>>> print(open('start-v6.txt').read())   # compact mmCIF, C-alpha atoms
# COMPACT_ATOMS: atom_id res chain seq x y z
CA MET A 1338 -1.64 4.93 -30.14
CA GLY A 1339 -2.49 6.80 -26.94
CA PHE A 1340 -3.46 9.86 -29.00
CA LEU A 1341 -5.80 7.79 -31.20
CA PHE A 1342 -7.34 6.18 -28.12
CA LYS A 1343 -8.09 9.61 -26.61
CA ILE A 1344 -9.77 10.77 -29.84
CA GLY A 1345 -11.90 7.61 -29.96
CA LYS A 1346 -12.87 8.03 -26.33
CA ARG A 1347 -13.96 11.64 -26.87
CA MET A 1348 -16.06 10.70 -29.90
CA ALA A 1349 -17.76 7.92 -27.94
CA LEU A 1350 -18.56 10.29 -25.07
CA ARG A 1351 -20.02 12.85 -27.47
CA LYS A 1352 -22.28 10.20 -29.04
CA LEU A 1353 -23.39 9.05 -25.59
CA TYR A 1354 -24.17 12.63 -24.58
CA ARG A 1355 -26.21 13.28 -27.72
CA ALA A 1356 -28.15 10.04 -27.28
CA ALA A 1357 -28.89 10.80 -23.62
CA THR A 1358 -30.04 14.37 -24.19
CA ALA A 1359 -31.77 14.16 -27.58
CA ALA A 1360 -35.27 13.74 -26.18
CA ASN A 1361 -34.83 14.82 -22.59
CA PRO A 1362 -34.32 18.53 -21.75
CA THR A 1363 -33.95 17.69 -18.05
CA ALA A 1364 -31.04 15.39 -18.86
CA GLN A 1365 -29.42 18.24 -20.77
CA VAL A 1366 -29.60 20.51 -17.74
CA LEU A 1367 -28.33 17.82 -15.35
CA LEU A 1368 -25.43 16.80 -17.59
CA GLY A 1369 -24.55 20.45 -18.18
CA ALA A 1370 -24.48 21.10 -14.44
CA ALA A 1371 -22.40 17.99 -13.87
CA GLY A 1372 -19.95 19.13 -16.52
CA MET A 1373 -19.64 22.55 -14.90
CA ALA A 1374 -19.06 20.94 -11.50
CA VAL A 1375 -16.34 18.66 -12.87
CA THR A 1376 -14.66 21.62 -14.58
CA ALA A 1377 -14.83 23.72 -11.42
CA GLY A 1378 -13.40 20.83 -9.42
CA ALA A 1379 -10.52 20.42 -11.86
CA VAL A 1380 -9.73 24.14 -11.71
CA TYR A 1381 -9.80 24.04 -7.90
CA VAL A 1382 -7.45 21.06 -7.72
CA ALA A 1383 -5.04 22.62 -10.24
CA SER A 1384 -5.06 25.89 -8.28
CA LYS A 1385 -4.42 24.07 -5.01
CA ARG A 1386 -1.51 22.14 -6.52
CA ARG A 1387 0.02 25.32 -7.91
CA LYS A 1388 -0.20 27.03 -4.53
CA ALA A 1389 1.64 24.09 -2.96
CA VAL A 1390 4.82 24.95 -4.92
CA GLN A 1391 4.30 28.61 -5.85
CA ASN A 1392 7.21 30.78 -4.67
CA LYS A 1393 9.02 27.68 -3.40
CA VAL A 1394 12.74 27.14 -3.97
CA VAL A 1395 13.27 23.79 -5.68
CA VAL A 1396 16.69 22.14 -6.01
CA ILE A 1397 16.85 19.45 -8.72
CA THR A 1398 19.94 17.27 -9.04
CA GLY A 1399 20.54 15.78 -12.46
CA GLY A 1400 18.47 18.74 -13.60
CA SER A 1401 20.14 19.35 -16.95
CA ARG A 1402 18.46 16.62 -18.99
CA GLY A 1403 15.90 13.83 -19.10
CA LEU A 1404 13.45 13.62 -16.24
CA GLY A 1405 15.35 16.32 -14.33
CA LEU A 1406 14.81 18.83 -17.13
CA ALA A 1407 11.12 17.88 -17.38
CA LEU A 1408 10.76 18.36 -13.62
CA ALA A 1409 12.42 21.76 -13.87
CA GLN A 1410 9.96 22.77 -16.57
CA ARG A 1411 6.94 21.54 -14.60
CA PHE A 1412 7.91 23.13 -11.28
CA ALA A 1413 8.86 26.40 -12.99
CA ARG A 1414 5.41 26.55 -14.56
CA GLY A 1415 4.01 25.93 -11.10
CA GLY A 1416 5.64 29.14 -9.91
CA ALA A 1417 8.80 27.76 -8.27
CA SER A 1418 12.32 29.17 -8.36
CA LEU A 1419 14.87 26.65 -9.61
CA VAL A 1420 18.34 25.48 -8.70
CA LEU A 1421 19.67 22.96 -11.21
CA ALA A 1422 22.72 20.81 -10.43
CA ALA A 1423 24.62 18.52 -12.81
CA ARG A 1424 28.20 17.62 -13.62
CA ASP A 1425 28.27 19.12 -17.13
CA PRO A 1426 28.26 22.97 -17.20
CA GLU A 1427 27.40 23.11 -20.91
CA GLU A 1428 24.39 20.84 -20.43
CA LEU A 1429 23.19 23.10 -17.63
CA LEU A 1430 23.44 26.16 -19.86
CA ARG A 1431 21.50 24.40 -22.62
CA ALA A 1432 18.88 23.31 -20.09
CA ARG A 1433 18.33 26.88 -18.89
CA GLN A 1434 18.04 28.09 -22.48
CA LEU A 1435 15.46 25.39 -23.21
CA LEU A 1436 13.44 26.52 -20.19
CA LEU A 1437 13.56 30.08 -21.52
CA ASP A 1438 12.68 28.99 -25.07
CA ARG A 1439 9.72 26.95 -23.78
CA ALA A 1440 8.50 29.90 -21.67
CA ALA A 1441 8.77 27.87 -18.47
CA VAL A 1442 10.81 30.72 -16.96
CA ARG A 1443 10.95 34.40 -17.92
CA TYR A 1444 14.43 35.41 -16.81
CA GLU A 1445 17.81 33.74 -16.47
CA GLU A 1446 17.93 34.86 -12.83
CA ASP A 1447 15.00 32.55 -12.07
CA VAL A 1448 17.32 29.55 -12.57
CA LEU A 1449 20.53 29.12 -10.59
CA LEU A 1450 22.97 26.69 -12.24
CA VAL A 1451 25.45 24.79 -10.07
CA PRO A 1452 27.89 22.47 -11.87
CA CYS A 1453 29.07 19.89 -9.33
CA ASP A 1454 29.74 16.23 -8.58
CA LEU A 1455 27.37 15.43 -5.74
CA SER A 1456 29.10 12.18 -4.86
CA ASP A 1457 31.54 14.57 -3.15
CA GLN A 1458 30.09 15.53 0.24
CA ALA A 1459 31.69 18.98 0.16
CA ALA A 1460 30.20 19.69 -3.28
CA ALA A 1461 26.72 18.71 -2.03
CA ALA A 1462 27.09 21.03 0.95
CA GLU A 1463 28.19 23.85 -1.36
CA LEU A 1464 25.17 23.28 -3.61
CA ILE A 1465 22.75 23.71 -0.72
CA GLN A 1466 24.71 26.69 0.58
CA ARG A 1467 24.68 28.44 -2.81
CA ALA A 1468 20.96 27.79 -3.24
CA THR A 1469 20.25 29.14 0.26
CA THR A 1470 22.44 32.21 -0.25
CA HIS A 1471 20.86 32.99 -3.63
CA PHE A 1472 17.18 32.39 -2.79
CA GLY A 1473 17.15 32.48 1.02
CA ARG A 1474 16.21 28.85 1.67
CA VAL A 1475 15.55 25.44 0.08
CA ASP A 1476 11.93 24.29 0.23
CA VAL A 1477 12.05 21.23 -2.02
CA LEU A 1478 15.00 18.94 -2.77
CA ILE A 1479 14.58 16.52 -5.68
CA ASN A 1480 17.33 13.90 -5.88
CA ASN A 1481 17.28 12.83 -9.51
CA ALA A 1482 20.98 12.42 -10.42
CA GLY A 1483 21.84 8.94 -11.65
CA ILE A 1484 23.75 6.70 -14.03
CA ILE A 1485 22.99 3.34 -15.67
CA GLN A 1486 25.46 0.56 -16.48
CA VAL A 1487 24.17 -2.33 -18.58
CA GLY A 1488 25.72 -5.78 -18.94
CA PRO A 1489 26.00 -9.24 -17.33
CA VAL A 1490 27.33 -9.41 -13.78
CA GLU A 1491 30.47 -11.25 -14.94
CA GLU A 1492 31.44 -8.13 -16.88
CA GLN A 1493 30.67 -5.63 -14.12
CA PRO A 1494 33.82 -4.86 -12.09
CA LEU A 1495 33.66 -3.69 -8.50
CA ALA A 1496 34.40 -0.19 -9.78
CA ALA A 1497 31.03 -0.21 -11.61
CA PHE A 1498 29.17 -0.97 -8.37
CA ASP A 1499 31.20 1.64 -6.53
CA GLU A 1500 30.38 4.31 -9.12
CA ALA A 1501 26.68 3.40 -9.14
CA MET A 1502 26.51 3.66 -5.36
CA ARG A 1503 28.37 6.99 -5.31
CA VAL A 1504 26.17 8.62 -7.97
CA ASN A 1505 22.79 6.97 -7.40
CA PHE A 1506 22.84 6.64 -3.61
CA PHE A 1507 25.53 8.72 -1.91
CA SER A 1508 24.74 11.82 -4.00
CA ALA A 1509 21.22 11.76 -2.55
CA LEU A 1510 22.49 11.01 0.95
CA ASN A 1511 24.94 13.93 0.72
CA THR A 1512 22.33 16.47 -0.40
CA VAL A 1513 19.81 15.29 2.22
CA HIS A 1514 22.47 15.57 4.90
CA ALA A 1515 23.26 19.11 3.75
CA VAL A 1516 19.67 20.41 3.53
CA LEU A 1517 18.20 18.69 6.59
CA PRO A 1518 19.39 21.16 9.27
CA GLN A 1519 17.54 24.14 7.78
CA MET A 1520 14.39 22.10 7.19
CA LEU A 1521 14.45 20.81 10.78
CA VAL A 1522 14.79 24.36 12.11
CA ARG A 1523 11.79 25.52 10.03
CA ARG A 1524 9.91 22.24 10.61
CA SER A 1525 8.97 22.29 6.94
CA GLY A 1526 10.29 21.09 3.63
CA THR A 1527 9.96 18.35 1.04
CA ILE A 1528 12.49 15.77 -0.11
CA VAL A 1529 11.81 13.77 -3.26
CA ASN A 1530 14.04 10.79 -4.05
CA ILE A 1531 13.80 9.48 -7.61
CA ALA A 1532 14.51 5.78 -7.14
CA SER A 1533 13.27 3.20 -9.66
CA ILE A 1534 11.16 0.10 -10.04
CA GLY A 1535 14.66 -1.42 -10.16
CA GLY A 1536 14.81 -0.43 -6.48
CA LYS A 1537 11.90 -2.75 -5.71
CA VAL A 1538 12.34 -5.58 -8.23
CA ALA A 1539 15.81 -6.69 -9.31
CA VAL A 1540 16.49 -6.41 -13.06
CA PRO A 1541 19.07 -8.67 -14.73
CA HIS A 1542 21.97 -7.01 -16.55
CA LEU A 1543 21.42 -3.88 -14.44
CA LEU A 1544 22.86 -5.05 -11.12
CA PRO A 1545 24.99 -2.00 -10.20
CA TYR A 1546 21.99 0.23 -10.92
CA THR A 1547 19.58 -2.10 -9.10
CA ALA A 1548 21.78 -2.39 -6.00
CA SER A 1549 22.12 1.39 -5.71
CA LYS A 1550 18.40 2.00 -6.26
CA PHE A 1551 17.46 -0.60 -3.64
CA ALA A 1552 19.68 1.34 -1.23
CA LEU A 1553 18.04 4.66 -2.19
CA THR A 1554 14.53 3.22 -1.86
CA GLY A 1555 15.20 1.85 1.62
CA PHE A 1556 16.85 5.09 2.74
CA SER A 1557 13.99 7.19 1.36
CA GLU A 1558 11.27 5.11 2.98
CA GLY A 1559 13.04 5.19 6.34
CA LEU A 1560 13.57 8.93 5.98
CA HIS A 1561 9.82 9.40 5.48
CA MET A 1562 9.11 7.48 8.68
CA GLU A 1563 11.52 9.54 10.76
CA LEU A 1564 10.84 13.01 9.39
CA LYS A 1565 7.05 13.09 8.96
CA SER A 1566 6.45 13.99 12.62
CA LYS A 1567 9.06 16.77 12.31
CA GLY A 1568 7.22 18.64 9.56
CA ILE A 1569 9.33 17.35 6.65
CA HIS A 1570 7.69 15.29 3.94
CA VAL A 1571 9.57 12.65 1.94
CA THR A 1572 8.29 11.16 -1.31
CA THR A 1573 9.84 8.06 -2.86
CA VAL A 1574 9.34 7.90 -6.63
CA CYS A 1575 9.80 4.59 -8.42
CA PRO A 1576 9.43 5.07 -12.19
CA GLY A 1577 9.20 2.16 -14.55
CA LEU A 1578 10.73 2.39 -18.02
CA MET A 1579 10.84 5.98 -19.24
CA ARG A 1580 11.44 7.65 -22.60
CA THR A 1581 14.18 10.02 -21.43
CA GLY A 1582 16.62 9.44 -24.30
CA SER A 1583 19.22 8.50 -21.67
CA HIS A 1584 20.11 5.24 -23.43
CA VAL A 1585 22.75 7.21 -25.35
CA LYS A 1586 24.34 8.13 -22.00
CA ALA A 1587 24.27 4.64 -20.49
CA GLU A 1588 27.39 2.48 -20.33
CA PHE A 1589 27.42 -1.01 -21.85
CA ARG A 1590 29.64 -4.00 -21.10
CA GLY A 1591 29.89 -7.59 -22.32
CA GLN A 1592 28.50 -7.47 -25.84
CA PRO A 1593 27.88 -3.71 -26.00
CA GLU A 1594 26.03 -3.60 -29.33
CA LYS A 1595 23.60 -6.35 -28.34
CA GLU A 1596 23.11 -4.92 -24.86
CA TYR A 1597 22.42 -1.52 -26.38
CA GLN A 1598 19.87 -2.97 -28.82
CA TRP A 1599 17.61 -4.48 -26.17
CA PHE A 1600 18.02 -1.61 -23.70
CA ALA A 1601 17.46 1.19 -26.23
CA THR A 1602 14.47 -0.61 -27.77
CA ALA A 1603 12.83 -1.05 -24.36
CA ALA A 1604 13.59 2.58 -23.48
CA MET A 1605 11.87 3.98 -26.59
CA LEU A 1606 8.65 1.96 -26.88
CA PRO A 1607 5.64 4.27 -26.34
CA GLY A 1608 3.34 1.48 -25.09
CA LEU A 1609 5.87 0.22 -22.55
CA THR A 1610 7.38 3.46 -21.29
CA ALA A 1611 6.27 6.77 -19.81
CA GLY A 1612 7.16 10.12 -21.34
CA THR A 1613 9.14 12.57 -19.23
CA LYS A 1614 6.44 15.27 -19.29
CA ARG A 1615 3.77 12.88 -18.00
CA ALA A 1616 6.13 11.55 -15.33
CA ALA A 1617 7.10 15.08 -14.26
CA ASN A 1618 3.44 16.06 -13.98
CA ARG A 1619 2.69 13.05 -11.79
CA ILE A 1620 5.67 13.81 -9.54
CA PHE A 1621 4.56 17.46 -9.29
CA ASN A 1622 1.09 16.33 -8.24
CA ALA A 1623 2.52 13.81 -5.75
CA VAL A 1624 4.59 16.56 -4.11
CA ALA A 1625 1.54 18.85 -3.91
CA ALA A 1626 -0.54 16.01 -2.44
CA ARG A 1627 2.29 14.99 -0.06
CA LYS A 1628 2.25 11.38 -1.16
CA ALA A 1629 4.70 8.97 0.45
CA GLU A 1630 5.23 6.88 -2.68
CA LEU A 1631 4.64 7.17 -6.38
CA ILE A 1632 5.13 4.33 -8.87
CA ILE A 1633 4.99 5.44 -12.50
CA THR A 1634 3.62 3.17 -15.29
CA PRO A 1635 1.04 0.41 -14.70
CA GLN A 1636 3.63 -2.28 -15.51
CA ALA A 1637 5.90 -1.06 -12.72
CA TRP A 1638 3.00 -0.84 -10.25
CA LEU A 1639 1.94 -4.40 -11.09
CA ALA A 1640 5.50 -5.74 -10.95
CA ALA A 1641 6.03 -4.24 -7.49
CA ARG A 1642 2.77 -5.72 -6.18
CA ILE A 1643 3.42 -9.19 -7.64
CA HIS A 1644 6.98 -9.20 -6.32
CA GLY A 1645 5.73 -8.27 -2.85
CA LEU A 1646 3.31 -11.20 -2.86
CA ALA A 1647 5.36 -13.77 -4.80
CA PRO A 1648 9.06 -12.87 -4.89
CA GLU A 1649 10.15 -16.33 -5.99
CA THR A 1650 7.83 -16.14 -9.00
CA THR A 1651 9.16 -12.80 -10.19
CA GLN A 1652 12.74 -13.97 -9.76
CA ALA A 1653 11.99 -17.13 -11.74
CA VAL A 1654 10.39 -15.15 -14.58
CA ALA A 1655 13.27 -12.68 -14.69
CA GLY A 1656 15.69 -15.60 -14.69
CA ILE A 1657 13.96 -17.10 -17.72
CA LEU A 1658 14.06 -13.78 -19.56
CA ASN A 1659 17.74 -13.45 -18.75
CA ALA A 1660 18.56 -16.98 -19.97
CA TRP A 1661 16.47 -16.87 -23.16
CA PHE A 1662 16.52 -13.28 -24.38
CA LEU A 1663 19.39 -11.23 -22.95
CA PRO A 1664 22.88 -11.36 -24.50
CA LYS A 1665 25.29 -13.96 -23.15
CA ALA A 1666 28.41 -12.90 -21.30
CA PRO A 1667 31.57 -13.24 -23.41
CA THR A 1668 34.37 -15.31 -21.95
CA GLY A 1669 37.10 -13.38 -20.18
CA THR A 1670 36.85 -10.05 -22.05
CA HIS A 1671 36.38 -7.56 -19.20
CA ALA A 1672 36.60 -4.78 -21.76
CA PRO A 1673 36.04 -1.14 -20.76
CA PRO A 1674 32.45 0.14 -20.96
CA VAL A 1675 31.13 1.75 -24.14
CA LYS A 1676 28.72 4.73 -24.12
CA GLY A 1677 25.47 4.29 -25.99
CA SER A 1678 26.27 7.32 -28.13
CA GLU A 1679 29.39 5.49 -29.41
CA LEU A 1680 27.42 2.47 -30.62
CA PRO A 1681 25.52 2.10 -33.94
CA GLN A 1682 22.25 4.00 -33.74
CA PRO A 1683 18.94 2.76 -35.24
CA GLU A 1684 19.00 2.51 -39.05
CA PHE A 1685 15.24 2.05 -39.55
CA LYS A 1686 14.22 5.63 -40.34
CA PRO A 1687 11.10 6.00 -38.12
CA VAL A 1688 13.04 4.61 -35.14
CA ALA A 1689 16.06 6.80 -35.93
CA VAL A 1690 13.84 9.88 -36.13
CA TRP A 1691 12.15 8.98 -32.83
CA ASN A 1692 15.57 8.41 -31.26
CA LYS A 1693 16.77 11.87 -32.35
CA HIS A 1694 13.54 13.45 -31.12
CA LEU A 1695 14.01 11.95 -27.65
CA GLN A 1696 17.61 13.16 -27.48
CA ARG A 1697 16.73 16.68 -28.63
CA ASP A 1698 13.62 17.05 -26.45
CA ASN A 1699 15.42 15.83 -23.33
CA ASN A 1700 18.75 17.62 -23.89
CA GLN A 1701 20.55 14.31 -24.40
CA SER A 1702 23.46 15.35 -26.62
CA ALA A 1703 25.19 12.68 -28.69
CA GLY A 1704 28.50 13.28 -26.96
CA ASP A 1705 29.45 13.21 -23.29
>>> encode(input="start-v6.txt", output="structure tokens")
Amino acid sequence: MGFLFKIGKRMALRKLYRAATAANPTAQVLLGAAGMAVTAGAVYVASKRRKAVQNKVVVITGGSRGLGLALAQRFARGGASLVLAARDPEELLRARQLLLDRAAVRYEEDVLLVPCDLSDQAAAAELIQRATTHFGRVDVLINNAGIIQVGPVEEQPLAAFDEAMRVNFFSALNTVHAVLPQMLVRRSGTIVNIASIGGKVAVPHLLPYTASKFALTGFSEGLHMELKSKGIHVTTVCPGLMRTGSHVKAEFRGQPEKEYQWFATAAMLPGLTAGTKRAANRIFNAVAARKAELIITPQAWLAARIHGLAPETTQAVAGILNAWFLPKAPTGTHAPPVKGSELPQPEFKPVAVWNKHLQRDNNQSAGD
């Protein structure tokens, strides 16, 4: 739909241009000059943004798939050297090969792969040390690693909250703690924390995720306040729903099949979600422009603003959605979580094809 809208918009602009210039040579000259100025301005802005990251060393956690992979591709094309961290070594190898296949990087040596579990403080310190030893420094740290657990709160054990906090919050805290000394010495550097709109507005059936993202959002905003005067810039990114293909990696509790149906559907809808390439481009631009906060998708921006003005209203609406539309909690099951990849995938062919495309494009393998 977005593609058709762009075509229609271009056709309308062409008709307007022809109508305006048909009988007026002066208008032709003025519009031509305006067009050249706009083009020159766009080239200048693009060049300035590229210079902001060119020859920088960028560490991306959760960099093997989804948004992390898209960010790696975008920053590599901006001239940055990459350090990708993730828990799965095979996913990291596939990610680097995809970057080579897509001509984002020219040589394997341009991408350092570091398999690690960043919820371990020692592993986070080793990541930053390896990146510094290999490239000489770390200029940009992007904390993108994360997990999602879906299901009613009655079915979420304390272990689910503990895991969400370790991966979604403490992984970022650990890497920031490790990289901060060298950035403070240089009085320069950028830290990007990929939080979520779920870190500003609570989402039912995602409470472990929401709690951890609220923690990350608060930490990131406070970090920006403290470090700005010391030459270090911090950007907090709060995406809305995104088409990353990560629904096959999410864990589901309660009624797993029903939970997967609503979550996967919401995560694939083009009109409701943002694609990873568009999101990565906006994050790249936000880093170049040194923005303090970036909220991706109009729905997320609006939800954050409404919640700030009328929190009781947003909670009431979310409560109604939870009561009327989301699956009910089974009585006393407390069954182990089920991965999305282990649940029945879409049978309707166009949806199934789209689902496979998302997984392939974002390096989301069917298995673990």
>>> closest_residue(input="start-v6.txt", among="A:Lys1676, A:His1671, A:Lys1550, A:Lys1614", to="Glu1588 of chain A", atoms="all atoms listed in the file")
A:Lys1676
>>> atom_distance(input="start-v6.txt", atom1="atom CA of Glu1679 of chain A", atom2="atom CA of Thr1581 of chain A")
17.8 Å
>>> atom_distance(input="start-v6.txt", atom1="atom CA of Val1442 of chain A", atom2="atom CA of Ser1525 of chain A")
25.4 Å
>>> closest_residue(input="start-v6.txt", among="A:Pro1452, A:Tyr1444, A:Ala1496, A:Trp1638", to="Gly1535 of chain A", atoms="all atoms listed in the file")
A:Trp1638
>>> residues_near_point(input="start-v6.txt", point="(18.8, 3.1, -27.1)", cutoff="8 Å", atoms="all atoms listed in the file", output="PyMOL selection string")
chain A and resi 1582-1585+1597-1605+1677+1682+1692
>>> atom_distance(input="start-v6.txt", atom1="atom CA of Thr1668 of chain A", atom2="atom CA of Leu1680 of chain A")
21.0 Å
>>> decode(input="start-v6.txt", residues="segment 1550-1599 of chain A", atoms="C-alpha atoms", output="compact mmCIF listing (two decimals), in the first residue's frame")
# COMPACT_ATOMS: atom_id res chain seq x y z
CA LYS A 1550 12.18 -1.90 28.78
CA PHE A 1551 10.85 0.63 31.30
CA ALA A 1552 14.08 0.08 33.23
CA LEU A 1553 16.20 0.54 30.09
CA THR A 1554 14.32 3.69 29.07
CA GLY A 1555 14.78 5.31 32.48
CA PHE A 1556 18.46 4.35 32.60
CA SER A 1557 19.07 5.65 29.09
CA GLU A 1558 17.36 8.98 29.69
CA GLY A 1559 19.28 9.51 32.92
CA LEU A 1560 22.50 8.54 31.18
CA HIS A 1561 21.89 11.22 28.54
CA MET A 1562 21.44 13.85 31.26
CA GLU A 1563 24.68 12.93 33.03
CA LEU A 1564 26.96 12.37 30.06
CA LYS A 1565 26.01 15.16 27.64
CA SER A 1566 28.26 17.71 29.38
CA LYS A 1567 31.13 15.17 29.28
CA GLY A 1568 31.17 14.87 25.50
CA ILE A 1569 29.23 11.59 25.28
CA HIS A 1570 25.90 11.51 23.51
CA VAL A 1571 23.13 9.06 24.43
CA THR A 1572 20.14 8.32 22.21
CA THR A 1573 17.10 6.45 23.49
CA VAL A 1574 15.21 4.66 20.71
CA CYS A 1575 11.64 3.53 21.32
CA PRO A 1576 10.34 1.58 18.31
CA GLY A 1577 6.72 0.64 17.96
CA LEU A 1578 5.74 -2.63 16.32
CA MET A 1579 8.38 -3.76 13.83
CA ARG A 1580 8.50 -6.36 11.06
CA THR A 1581 11.68 -8.10 12.24
CA GLY A 1582 10.46 -11.70 11.90
CA SER A 1583 11.35 -12.17 15.58
CA HIS A 1584 7.93 -13.62 16.42
CA VAL A 1585 9.39 -17.05 15.61
CA LYS A 1586 12.00 -16.45 18.35
CA ALA A 1587 9.59 -15.19 21.01
CA GLU A 1588 8.45 -17.42 23.87
CA PHE A 1589 4.75 -18.02 24.52
CA ARG A 1590 2.94 -19.10 27.68
CA GLY A 1591 -0.67 -19.69 28.70
CA GLN A 1592 -2.40 -20.64 25.47
CA PRO A 1593 0.69 -20.57 23.22
CA GLU A 1594 -1.07 -21.04 19.87
CA LYS A 1595 -3.57 -18.26 20.52
CA GLU A 1596 -0.92 -15.96 21.95
CA TYR A 1597 1.24 -16.60 18.90
CA GLN A 1598 -1.64 -15.84 16.52
CA TRP A 1599 -2.30 -12.34 17.81
